[in-house]
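Have a look at structure-v4.cif; it's mmCIF, C-alpha atoms:
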```cif
data_start
#
loop_
_atom_site.group_PDB
_atom_site.id
_atom_site.type_symbol
_atom_site.label_atom_id
_atom_site.label_comp_id
_atom_site.auth_asym_id
_atom_site.auth_seq_id
_atom_site.Cartn_x
_atom_site.Cartn_y
_atom_site.Cartn_z
ATOM 1 C CA MET A 1 40.734 39.443 172.689
ATOM 2 C CA ALA A 2 37.394 39.361 170.869
ATOM 3 C CA CYS A 3 36.206 36.000 169.577
ATOM 4 C CA SER A 4 35.249 35.553 165.938
ATOM 5 C CA GLN A 5 31.612 34.876 165.171
ATOM 6 C CA SER A 6 30.510 31.272 164.926
ATOM 7 C CA PRO A 7 28.554 30.133 161.838
ATOM 8 C CA GLU A 8 25.464 30.062 164.036
ATOM 9 C CA SER A 9 25.908 33.677 165.124
ATOM 10 C CA GLU A 10 26.498 34.734 161.518
ATOM 11 C CA GLY A 11 23.211 33.090 160.560
ATOM 12 C CA THR A 12 21.496 34.847 163.431
ATOM 13 C CA ALA A 13 22.913 38.189 162.298
ATOM 14 C CA GLU A 14 21.629 37.566 158.768
ATOM 15 C CA ASP A 15 18.206 36.641 160.108
ATOM 16 C CA ALA A 16 18.127 39.759 162.257
ATOM 17 C CA ARG A 17 19.089 41.927 159.285
ATOM 18 C CA LEU A 18 16.303 40.470 157.159
ATOM 19 C CA ASP A 19 13.774 40.723 159.996
ATOM 20 C CA SER A 20 14.671 44.380 160.445
ATOM 21 C CA LEU A 21 14.168 45.138 156.745
ATOM 22 C CA ASN A 22 10.910 43.198 156.677
ATOM 23 C CA ALA A 23 9.649 45.201 159.649
ATOM 24 C CA VAL A 24 10.444 48.491 157.910
ATOM 25 C CA LEU A 25 8.752 47.409 154.687
ATOM 26 C CA LYS A 26 5.701 46.163 156.543
ATOM 27 C CA GLU A 27 5.191 49.689 157.827
ATOM 28 C CA GLU A 28 6.442 51.434 154.661
ATOM 29 C CA PRO A 29 5.991 49.152 151.628
ATOM 30 C CA GLU A 30 7.347 51.831 149.289
ATOM 31 C CA ASN A 31 10.495 52.643 151.253
ATOM 32 C CA VAL A 32 13.044 52.647 148.413
ATOM 33 C CA SER A 33 16.097 52.466 150.684
ATOM 34 C CA ALA A 34 14.712 49.401 152.465
ATOM 35 C CA LEU A 35 13.746 47.738 149.180
ATOM 36 C CA VAL A 36 17.244 48.333 147.834
ATOM 37 C CA ALA A 37 18.820 47.048 151.042
ATOM 38 C CA ARG A 38 16.686 43.900 150.970
ATOM 39 C CA ALA A 39 17.495 43.349 147.288
ATOM 40 C CA ASP A 40 21.203 43.619 148.174
ATOM 41 C CA PHE A 41 20.661 41.138 151.015
ATOM 42 C CA TYR A 42 19.033 38.664 148.639
ATOM 43 C CA LEU A 43 21.893 39.108 146.165
ATOM 44 C CA GLU A 44 24.423 38.369 148.915
ATOM 45 C CA THR A 45 22.503 35.238 149.923
ATOM 46 C CA LYS A 46 22.014 34.213 146.260
ATOM 47 C CA ASN A 47 18.229 34.423 146.374
ATOM 48 C CA PHE A 48 18.159 35.961 142.915
ATOM 49 C CA PRO A 49 14.403 35.796 142.144
ATOM 50 C CA TYR A 50 13.598 37.708 145.338
ATOM 51 C CA ALA A 51 16.397 40.174 144.623
ATOM 52 C CA LYS A 52 14.885 40.930 141.220
ATOM 53 C CA MET A 53 11.426 41.442 142.725
ATOM 54 C CA ASP A 54 12.686 43.928 145.302
ATOM 55 C CA ALA A 55 14.890 45.713 142.775
ATOM 56 C CA MET A 56 11.962 46.104 140.390
ATOM 57 C CA ALA A 57 9.739 47.302 143.234
ATOM 58 C CA ALA A 58 12.288 49.970 144.192
ATOM 59 C CA PHE A 59 12.593 51.061 140.544
ATOM 60 C CA THR A 60 8.799 51.193 140.181
ATOM 61 C CA VAL A 61 8.515 53.452 143.219
ATOM 62 C CA ASP A 62 11.314 55.776 142.063
ATOM 63 C CA SER A 63 12.801 55.237 138.611
ATOM 64 C CA THR A 64 15.254 58.100 139.151
ATOM 65 C CA ASN A 65 16.837 56.737 142.336
ATOM 66 C CA HIS A 66 20.549 55.991 141.927
ATOM 67 C CA ASP A 67 20.607 52.923 144.168
ATOM 68 C CA ALA A 68 17.363 51.556 142.719
ATOM 69 C CA LEU A 69 18.871 51.708 139.219
ATOM 70 C CA ARG A 70 22.158 50.240 140.447
ATOM 71 C CA VAL A 71 20.532 47.245 142.153
ATOM 72 C CA LEU A 72 18.120 46.691 139.269
ATOM 73 C CA GLY A 73 21.162 46.204 137.073
ATOM 74 C CA ASP A 74 22.885 44.003 139.665
ATOM 75 C CA ALA A 75 19.864 41.737 140.128
ATOM 76 C CA HIS A 76 19.530 41.027 136.416
ATOM 77 C CA TYR A 77 23.267 40.828 135.720
ATOM 78 C CA VAL A 78 23.665 37.747 137.933
ATOM 79 C CA SER A 79 20.893 36.083 135.894
ATOM 80 C CA ASN A 80 22.648 36.981 132.628
ATOM 81 C CA GLU A 81 19.852 39.368 131.656
ATOM 82 C CA THR A 82 22.401 41.899 130.506
ATOM 83 C CA ARG A 83 20.096 44.037 128.377
ATOM 84 C CA ILE A 84 18.079 45.045 131.457
ATOM 85 C CA SER A 85 21.296 45.663 133.380
ATOM 86 C CA ARG A 86 22.729 47.773 130.562
ATOM 87 C CA ASP A 87 19.591 49.911 130.321
ATOM 88 C CA ALA A 88 19.440 50.430 134.091
ATOM 89 C CA TRP A 89 23.096 51.446 134.362
ATOM 90 C CA LEU A 90 22.922 53.667 131.258
ATOM 91 C CA ARG A 91 19.970 55.492 132.809
ATOM 92 C CA CYS A 92 21.832 55.731 136.103
ATOM 93 C CA ALA A 93 24.919 57.204 134.395
ATOM 94 C CA LYS A 94 22.807 59.720 132.491
ATOM 95 C CA LEU A 95 20.875 60.848 135.571
ATOM 96 C CA PHE A 96 23.998 61.023 137.756
ATOM 97 C CA PRO A 97 26.767 62.346 135.478
ATOM 98 C CA LYS A 98 29.266 62.806 138.323
ATOM 99 C CA GLU A 99 28.856 59.329 139.858
ATOM 100 C CA VAL A 100 31.105 56.413 138.867
ATOM 101 C CA GLU A 101 29.506 53.290 140.397
ATOM 102 C CA CYS A 102 27.016 52.566 137.596
ATOM 103 C CA ARG A 103 29.625 53.465 134.980
ATOM 104 C CA LEU A 104 32.060 50.911 136.378
ATOM 105 C CA LYS A 105 29.372 48.242 136.266
ATOM 106 C CA LEU A 106 28.496 49.242 132.720
ATOM 107 C CA ALA A 107 32.161 49.069 131.685
ATOM 108 C CA GLU A 108 32.431 45.555 133.118
ATOM 109 C CA LEU A 109 29.238 44.489 131.344
ATOM 110 C CA TYR A 110 30.508 45.771 127.980
ATOM 111 C CA GLN A 111 33.752 43.909 128.598
ATOM 112 C CA VAL A 112 31.942 40.638 129.335
ATOM 113 C CA VAL A 113 29.872 40.886 126.125
ATOM 114 C CA MET A 114 33.089 41.788 124.252
ATOM 115 C CA GLU A 115 32.074 45.323 123.301
ATOM 116 C CA TYR A 116 35.557 46.499 124.185
ATOM 117 C CA GLU A 117 35.485 49.944 122.583
ATOM 118 C CA LYS A 118 32.350 50.851 124.539
ATOM 119 C CA SER A 119 33.919 49.500 127.723
ATOM 120 C CA ILE A 120 37.067 51.581 127.197
ATOM 121 C CA GLN A 121 34.964 54.682 126.515
ATOM 122 C CA VAL A 122 33.040 54.256 129.778
ATOM 123 C CA VAL A 123 36.234 53.531 131.721
ATOM 124 C CA ASP A 124 37.773 56.727 130.379
ATOM 125 C CA GLU A 125 34.683 58.610 131.583
ATOM 126 C CA VAL A 126 35.251 57.156 135.056
ATOM 127 C CA LEU A 127 38.931 58.138 135.043
ATOM 128 C CA ALA A 128 38.002 61.679 134.002
ATOM 129 C CA LEU A 129 35.754 61.845 137.077
ATOM 130 C CA ASP A 130 38.075 59.889 139.391
ATOM 131 C CA PRO A 131 41.695 59.693 138.164
ATOM 132 C CA ASN A 132 42.679 57.383 141.045
ATOM 133 C CA ASN A 133 40.007 54.751 140.549
ATOM 134 C CA ALA A 134 41.796 51.403 140.776
ATOM 135 C CA THR A 135 38.875 49.403 139.384
ATOM 136 C CA ALA A 136 38.782 51.524 136.248
ATOM 137 C CA TYR A 137 42.485 50.923 135.577
ATOM 138 C CA TYR A 138 41.993 47.183 136.100
ATOM 139 C CA ILE A 139 39.041 46.989 133.701
ATOM 140 C CA LYS A 140 40.972 49.002 131.124
ATOM 141 C CA GLY A 141 43.902 46.609 131.466
ATOM 142 C CA ILE A 142 41.678 43.612 130.788
ATOM 143 C CA ASN A 143 40.169 45.410 127.792
ATOM 144 C CA ILE A 144 43.639 46.041 126.386
ATOM 145 C CA ARG A 145 44.589 42.413 126.918
ATOM 146 C CA ASP A 146 41.480 41.012 125.240
ATOM 147 C CA HIS A 147 40.880 43.641 122.541
ATOM 148 C CA LYS A 148 44.355 44.860 121.627
ATOM 149 C CA LEU A 149 46.106 41.593 122.610
ATOM 150 C CA ASP A 150 48.870 43.679 124.186
ATOM 151 C CA THR A 151 49.928 41.998 127.423
ATOM 152 C CA ASN A 152 52.628 44.546 128.286
ATOM 153 C CA VAL A 153 50.283 47.537 128.088
ATOM 154 C CA ALA A 154 47.584 45.564 129.889
ATOM 155 C CA LEU A 155 50.022 44.833 132.724
ATOM 156 C CA ALA A 156 50.885 48.524 132.991
ATOM 157 C CA TYR A 157 47.221 49.367 133.668
ATOM 158 C CA ILE A 158 46.802 46.431 136.057
ATOM 159 C CA GLN A 159 49.965 47.476 137.915
ATOM 160 C CA LYS A 160 48.537 50.993 138.205
ATOM 161 C CA ALA A 161 45.436 49.484 139.827
ATOM 162 C CA ILE A 162 47.652 47.608 142.300
ATOM 163 C CA ASP A 163 49.685 50.747 143.042
ATOM 164 C CA LEU A 164 46.441 52.538 143.915
ATOM 165 C CA ASP A 165 45.081 49.599 145.903
ATOM 166 C CA PRO A 166 47.815 47.189 147.109
ATOM 167 C CA LYS A 167 45.140 44.789 148.378
ATOM 168 C CA TYR A 168 43.294 44.582 145.064
ATOM 169 C CA GLU A 169 43.013 40.794 144.967
ATOM 170 C CA GLU A 170 41.639 40.435 141.450
ATOM 171 C CA ALA A 171 44.388 42.638 140.035
ATOM 172 C CA LEU A 172 47.121 40.781 141.935
ATOM 173 C CA ASP A 173 45.727 37.492 140.663
ATOM 174 C CA MET A 174 45.612 38.668 137.047
ATOM 175 C CA ALA A 175 49.103 40.162 137.207
ATOM 176 C CA GLY A 176 50.367 36.816 138.478
ATOM 177 C CA VAL A 177 48.548 34.897 135.743
ATOM 178 C CA LEU A 178 49.839 37.180 132.967
ATOM 179 C CA HIS A 179 53.433 37.091 134.221
ATOM 180 C CA SER A 180 53.147 33.332 134.598
ATOM 181 C CA ALA A 181 52.038 33.016 130.966
ATOM 182 C CA MET A 182 55.220 34.867 129.998
ATOM 183 C CA ASN A 183 57.335 32.616 132.284
ATOM 184 C CA SER A 184 58.300 35.723 134.225
ATOM 185 C CA PRO A 185 59.551 35.111 137.784
ATOM 186 C CA LEU A 186 57.574 38.205 138.831
ATOM 187 C CA ALA A 187 54.513 35.935 138.810
ATOM 188 C CA VAL A 188 55.535 34.385 142.117
ATOM 189 C CA SER A 189 55.776 37.728 143.921
ATOM 190 C CA TYR A 190 52.186 38.616 142.916
ATOM 191 C CA PHE A 191 50.883 35.228 144.003
ATOM 192 C CA GLU A 192 52.762 35.515 147.301
ATOM 193 C CA ARG A 193 51.089 38.867 147.974
ATOM 194 C CA LEU A 194 47.749 37.321 147.055
ATOM 195 C CA ALA A 195 48.399 34.390 149.408
ATOM 196 C CA GLU A 196 48.831 36.859 152.279
ATOM 197 C CA LEU A 197 45.300 38.107 151.559
ATOM 198 C CA ARG A 198 43.859 34.649 150.855
ATOM 199 C CA PRO A 199 45.868 32.272 153.064
ATOM 200 C CA ASN A 200 43.320 29.467 152.704
ATOM 201 C CA ASP A 201 42.746 29.724 148.947
ATOM 202 C CA PHE A 202 44.169 26.587 147.354
ATOM 203 C CA ASN A 203 43.867 28.143 143.889
ATOM 204 C CA VAL A 204 46.662 30.591 144.674
ATOM 205 C CA TYR A 205 49.080 27.759 145.436
ATOM 206 C CA TYR A 206 47.863 25.850 142.381
ATOM 207 C CA LYS A 207 48.788 28.836 140.203
ATOM 208 C CA VAL A 208 52.215 29.069 141.847
ATOM 209 C CA GLY A 209 52.649 25.388 141.086
ATOM 210 C CA MET A 210 51.666 25.917 137.450
ATOM 211 C CA TYR A 211 54.278 28.658 137.082
ATOM 212 C CA HIS A 212 57.011 26.411 138.473
ATOM 213 C CA LEU A 213 55.740 23.513 136.360
ATOM 214 C CA GLY A 214 56.166 25.674 133.267
ATOM 215 C CA THR A 215 59.769 26.444 134.205
ATOM 216 C CA ARG A 216 60.410 22.802 135.223
ATOM 217 C CA ASN A 217 61.349 23.853 138.736
ATOM 218 C CA TRP A 218 60.169 20.549 140.136
ATOM 219 C CA ASN A 219 60.910 21.089 143.842
ATOM 220 C CA SER A 220 59.061 24.414 144.036
ATOM 221 C CA ALA A 221 56.181 22.992 141.984
ATOM 222 C CA ILE A 222 55.878 20.001 144.315
ATOM 223 C CA GLU A 223 55.838 22.300 147.328
ATOM 224 C CA ALA A 224 53.106 24.516 145.852
ATOM 225 C CA PHE A 225 50.877 21.692 144.616
ATOM 226 C CA THR A 226 51.252 19.895 147.945
ATOM 227 C CA GLN A 227 50.130 23.046 149.755
ATOM 228 C CA ALA A 228 47.123 23.257 147.429
ATOM 229 C CA THR A 229 46.082 19.669 148.201
ATOM 230 C CA GLN A 230 46.486 20.235 151.919
ATOM 231 C CA LEU A 231 44.070 23.152 151.675
ATOM 232 C CA ASN A 232 41.736 21.280 149.350
ATOM 233 C CA PRO A 233 41.970 17.465 149.411
ATOM 234 C CA LYS A 234 39.594 17.422 146.412
ATOM 235 C CA ASP A 235 42.021 19.335 144.190
ATOM 236 C CA ALA A 236 42.267 16.731 141.431
ATOM 237 C CA GLU A 237 44.421 18.909 139.164
ATOM 238 C CA SER A 238 47.145 19.456 141.749
ATOM 239 C CA TYR A 239 47.311 15.720 142.440
ATOM 240 C CA TYR A 240 47.517 15.113 138.683
ATOM 241 C CA ASN A 241 50.383 17.591 138.342
ATOM 242 C CA LEU A 242 52.214 15.977 141.253
ATOM 243 C CA GLY A 243 51.838 12.696 139.438
ATOM 244 C CA PHE A 244 53.131 14.216 136.216
ATOM 245 C CA ILE A 245 56.221 15.622 137.957
ATOM 246 C CA HIS A 246 57.064 12.285 139.548
ATOM 247 C CA LEU A 247 56.535 10.595 136.193
ATOM 248 C CA GLU A 248 59.031 13.022 134.665
ATOM 249 C CA LEU A 249 61.415 12.129 137.489
ATOM 250 C CA GLN A 250 60.815 8.436 136.711
ATOM 251 C CA MET A 251 59.522 7.900 140.239
ATOM 252 C CA TYR A 252 56.769 5.617 139.009
ATOM 253 C CA ARG A 253 55.365 4.321 142.280
ATOM 254 C CA GLU A 254 54.978 7.845 143.666
ATOM 255 C CA ALA A 255 53.452 8.984 140.374
ATOM 256 C CA ARG A 256 50.948 6.131 140.505
ATOM 257 C CA GLN A 257 49.845 7.155 143.991
ATOM 258 C CA TYR A 258 49.299 10.776 142.987
ATOM 259 C CA PHE A 259 47.288 9.794 139.909
ATOM 260 C CA THR A 260 45.207 7.548 142.161
ATOM 261 C CA GLN A 261 44.560 10.488 144.494
ATOM 262 C CA SER A 262 43.551 12.587 141.497
ATOM 263 C CA ILE A 263 40.996 9.939 140.522
ATOM 264 C CA GLU A 264 39.728 9.719 144.098
ATOM 265 C CA ALA A 265 39.295 13.500 144.118
ATOM 266 C CA ARG A 266 37.376 13.500 140.808
ATOM 267 C CA ALA A 267 36.106 10.177 139.514
ATOM 268 C CA VAL A 268 35.360 11.221 135.906
ATOM 269 C CA ASN A 269 38.985 11.925 135.097
ATOM 270 C CA TYR A 270 40.233 10.380 131.861
ATOM 271 C CA ARG A 271 43.590 12.183 131.996
ATOM 272 C CA ALA A 272 44.452 10.683 135.374
ATOM 273 C CA HIS A 273 43.281 7.216 134.316
ATOM 274 C CA TYR A 274 45.432 7.457 131.182
ATOM 275 C CA ALA A 275 48.443 8.717 133.150
ATOM 276 C CA ARG A 276 48.069 6.019 135.785
ATOM 277 C CA ALA A 277 47.752 3.386 133.064
ATOM 278 C CA PHE A 278 50.930 4.687 131.459
ATOM 279 C CA VAL A 279 52.796 4.471 134.780
ATOM 280 C CA ILE A 280 51.412 1.028 135.609
ATOM 281 C CA GLU A 281 52.448 -0.152 132.161
ATOM 282 C CA ARG A 282 55.997 0.995 132.951
ATOM 283 C CA LEU A 283 55.809 -0.947 136.209
ATOM 284 C CA GLY A 284 54.891 -4.067 134.253
ATOM 285 C CA ASP A 285 51.320 -4.668 135.461
ATOM 286 C CA LEU A 286 49.716 -4.907 132.025
ATOM 287 C CA LYS A 287 46.326 -6.159 133.269
ATOM 288 C CA ALA A 288 45.893 -3.188 135.625
ATOM 289 C CA ALA A 289 47.120 -0.842 132.890
ATOM 290 C CA GLU A 290 44.518 -2.297 130.511
ATOM 291 C CA ALA A 291 41.763 -1.551 133.040
ATOM 292 C CA ASP A 292 42.837 2.090 133.345
ATOM 293 C CA TYR A 293 43.179 2.580 129.594
ATOM 294 C CA LEU A 294 39.664 1.190 129.205
ATOM 295 C CA LYS A 295 38.383 3.561 131.897
ATOM 296 C CA ALA A 296 40.033 6.527 130.190
ATOM 297 C CA LEU A 297 38.352 5.541 126.915
ATOM 298 C CA GLU A 298 35.020 5.120 128.691
ATOM 299 C CA TYR A 299 35.214 8.792 129.659
ATOM 300 C CA ASN A 300 36.818 9.966 126.398
ATOM 301 C CA PRO A 301 36.379 7.433 123.580
ATOM 302 C CA SER A 302 38.372 9.526 121.082
ATOM 303 C CA HIS A 303 41.497 9.842 123.263
ATOM 304 C CA ALA A 304 44.193 8.584 120.877
ATOM 305 C CA PRO A 305 46.980 8.020 123.480
ATOM 306 C CA SER A 306 44.641 5.747 125.477
ATOM 307 C CA GLN A 307 43.731 3.864 122.324
ATOM 308 C CA GLU A 308 47.424 3.390 121.541
ATOM 309 C CA GLY A 309 48.217 2.359 125.126
ATOM 310 C CA LEU A 310 45.380 -0.150 125.144
ATOM 311 C CA GLY A 311 46.717 -1.644 121.919
ATOM 312 C CA ARG A 312 50.200 -1.959 123.401
ATOM 313 C CA VAL A 313 49.184 -3.672 126.615
ATOM 314 C CA ARG A 314 46.781 -6.036 124.858
ATOM 315 C CA ALA A 315 49.554 -6.982 122.451
ATOM 316 C CA GLY A 316 51.815 -7.564 125.455
ATOM 317 C CA LEU A 317 49.182 -9.645 127.228
ATOM 318 C CA ALA A 318 48.578 -11.723 124.101
ATOM 319 C CA SER A 319 52.296 -12.325 123.709
ATOM 320 C CA PHE A 320 52.568 -13.332 127.382
ATOM 321 C CA ASN A 321 49.632 -15.738 127.121
ATOM 322 C CA ASN A 322 51.118 -17.363 124.061
#
```

Encoding of this model in structure tokens:
Amino acid sequence: MACSQSPESEGTAEDARLDSLNAVLKEEPENVSALVARADFYLETKNFPYAKMDAMAAFTVDSTNHDALRVLGDAHYVSNETRISRDAWLRCAKLFPKEVECRLKLAELYQVVMEYEKSIQVVDEVLALDPNNATAYYIKGINIRDHKLDTNVALAYIQKAIDLDPKYEEALDMAGVLHSAMNSPLAVSYFERLAELRPNDFNVYYKVGMYHLGTRNWNSAIEAFTQATQLNPKDAESYYNLGFIHLELQMYREARQYFTQSIEARAVNYRAHYARAFVIERLGDLKAAEADYLKALEYNPSHAPSQEGLGRVRAGLASFNN
């Protein structure tokens, strides 16, 4: 059985790839394919300034090259320079009327800047060229959700994307989120399929937990949030939700521990300090509750429940001292 690459060998492979491209460009400084490939490498490794330089160099050498236009748009899109990206992908689409890659990127850009009608128009152009393009159906679904505010129609397009590509992670995730927002039990099936593709992604289990939290299915929510924290011990929100569930179950000591773990995972956390103060107050330790209410107000001075809680425990402490 073949062994997986170690992090060291992956780094070596990356270095070798860059060295190879550098060698080509040393001999042929205007090799557009190599410039594009190196720009893509820099994008993958998040060296965005270098990616932009190589993308611009490729475009300067050949302003009619499909890949040069595509990567020029990519390199500026990640830096939020969307006007340059738009112009590059528009030119690409015009010069290559039967290609869909630049059109898909353009449709996504229009969606991000909330020009939904333009995005839908470009998506429809893609579907005319490629009726089985899963990405186009997904983008159209998101446009329908955000522009028409029609979740049911949006889900129909997103489901079409999943039918065409059963491993389309982004579409599975969105279908789960939308069904979860409607308290539909179908949400869990989408998240389960996503978990098969992303077994180590704590966010998937967090979303399962949020669905069960919304339906007050405490046992399933506890199981999901616990799985999330096992995958990511710094998942402050899952610890907070575990605390909330145990508070609802009036299991105050367990709730206190989970709120403490939430604070340990993310120190600036007024919600967890407030919740822990509330629990500690129920347990009768007014001095400790006062400290947590004060900490919550330090992080969020306008938080009314913390202000009210602080008033209660100080009144209780004053009464006790008298």

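Ranking A:Glu27, A:Asp201, A:Asp150, A:Glu108 by their shortest atom-to-atom distance to A:Ala228, with all atoms listed in the file included, puts A:Asp201 first.
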
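For A:Tyr168, the list of residues within 10 Å, based on all atoms listed in the file and with local chain neighbours fewer than 5 positions off taken out, reads Ala134, Thr135, Tyr138, Ile158, Ala161, Ile162, Asp163, Asp173, Leu194 and Leu197 of chain A.
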
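As for atom CA of A:Val126 and atom CA of A:His66, they are spaced 16.3 Å apart.
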
Next on the checklist: Counting only C-alpha atoms, which residues have an atom no more than 8 Å from (17.1, 45.6, 134.5) in the file's coordinates? Please list them as a count of residues only.
Outcome noted: 16

Checklist entry - Is there a way to get, as a list in words, all residues within 6 Å of the point (35.0, 10.5, 131.7) in file coordinates, counting all atoms listed in the file? => result Val268, Asn269, Tyr270, Tyr299 and Asn300 of chain A

Can you complete the atoms of stretch 293-315 of chain A to N, CA and C atoms and list them as an mmCIF file, keeping the file's coordinate frame?
```cif
data_model
loop_
_atom_site.group_PDB
_atom_site.id
_atom_site.type_symbol
_atom_site.label_atom_id
_atom_site.label_comp_id
_atom_site.auth_asym_id
_atom_site.auth_seq_id
_atom_site.Cartn_x
_atom_site.Cartn_y
_atom_site.Cartn_z
ATOM 1 N N TYR A 293 43.356 2.080 130.959
ATOM 2 C CA TYR A 293 43.179 2.580 129.594
ATOM 3 C C TYR A 293 41.713 2.466 129.170
ATOM 4 N N LEU A 294 41.083 1.369 129.523
ATOM 5 C CA LEU A 294 39.664 1.190 129.205
ATOM 6 C C LEU A 294 38.798 2.243 129.901
ATOM 7 N N LYS A 295 39.152 2.552 131.155
ATOM 8 C CA LYS A 295 38.383 3.561 131.897
ATOM 9 C C LYS A 295 38.562 4.930 131.268
ATOM 10 N N ALA A 296 39.782 5.247 130.855
ATOM 11 C CA ALA A 296 40.033 6.527 130.190
ATOM 12 C C ALA A 296 39.199 6.631 128.921
ATOM 13 N N LEU A 297 39.120 5.538 128.165
ATOM 14 C CA LEU A 297 38.352 5.541 126.915
ATOM 15 C C LEU A 297 36.846 5.561 127.174
ATOM 16 N N GLU A 298 36.436 5.031 128.322
ATOM 17 C CA GLU A 298 35.020 5.120 128.691
ATOM 18 C C GLU A 298 34.615 6.587 128.846
ATOM 19 N N TYR A 299 35.504 7.379 129.439
ATOM 20 C CA TYR A 299 35.214 8.792 129.659
ATOM 21 C C TYR A 299 35.506 9.650 128.428
ATOM 22 N N ASN A 300 36.463 9.213 127.606
ATOM 23 C CA ASN A 300 36.818 9.966 126.398
ATOM 24 C C ASN A 300 37.163 8.971 125.291
ATOM 25 N N PRO A 301 36.156 8.497 124.573
ATOM 26 C CA PRO A 301 36.379 7.433 123.580
ATOM 27 C C PRO A 301 37.328 7.811 122.451
ATOM 28 N N SER A 302 37.524 9.096 122.200
ATOM 29 C CA SER A 302 38.372 9.526 121.082
ATOM 30 C C SER A 302 39.810 9.827 121.502
ATOM 31 N N HIS A 303 40.161 9.509 122.767
ATOM 32 C CA HIS A 303 41.497 9.842 123.263
ATOM 33 C C HIS A 303 42.535 8.897 122.646
ATOM 34 N N ALA A 304 43.263 9.416 121.652
ATOM 35 C CA ALA A 304 44.193 8.584 120.877
ATOM 36 C C ALA A 304 45.293 7.936 121.724
ATOM 37 N N PRO A 305 45.935 8.669 122.672
ATOM 38 C CA PRO A 305 46.980 8.020 123.480
ATOM 39 C C PRO A 305 46.464 6.821 124.270
ATOM 40 N N SER A 306 45.215 6.894 124.752
ATOM 41 C CA SER A 306 44.641 5.747 125.477
ATOM 42 C C SER A 306 44.382 4.578 124.526
ATOM 43 N N GLN A 307 43.936 4.913 123.323
ATOM 44 C CA GLN A 307 43.731 3.864 122.324
ATOM 45 C C GLN A 307 45.049 3.156 122.005
ATOM 46 N N GLU A 308 46.107 3.960 121.839
ATOM 47 C CA GLU A 308 47.424 3.390 121.541
ATOM 48 C C GLU A 308 47.936 2.565 122.717
ATOM 49 N N GLY A 309 47.772 3.083 123.933
ATOM 50 C CA GLY A 309 48.217 2.359 125.126
ATOM 51 C C GLY A 309 47.489 1.036 125.279
ATOM 52 N N LEU A 310 46.172 1.075 125.039
ATOM 53 C CA LEU A 310 45.380 -0.150 125.144
ATOM 54 C C LEU A 310 45.875 -1.184 124.134
ATOM 55 N N GLY A 311 46.185 -0.727 122.924
ATOM 56 C CA GLY A 311 46.717 -1.644 121.919
ATOM 57 C C GLY A 311 48.033 -2.260 122.348
ATOM 58 N N ARG A 312 48.891 -1.457 122.962
ATOM 59 C CA ARG A 312 50.200 -1.959 123.401
ATOM 60 C C ARG A 312 50.055 -3.030 124.476
ATOM 61 N N VAL A 313 49.249 -2.721 125.504
ATOM 62 C CA VAL A 313 49.184 -3.672 126.615
ATOM 63 C C VAL A 313 48.448 -4.945 126.202
ATOM 64 N N ARG A 314 47.466 -4.828 125.314
ATOM 65 C CA ARG A 314 46.781 -6.036 124.858
ATOM 66 C C ARG A 314 47.710 -6.904 124.014
ATOM 67 N N ALA A 315 48.569 -6.232 123.222
ATOM 68 C CA ALA A 315 49.554 -6.982 122.451
ATOM 69 C C ALA A 315 50.523 -7.688 123.404
#
```
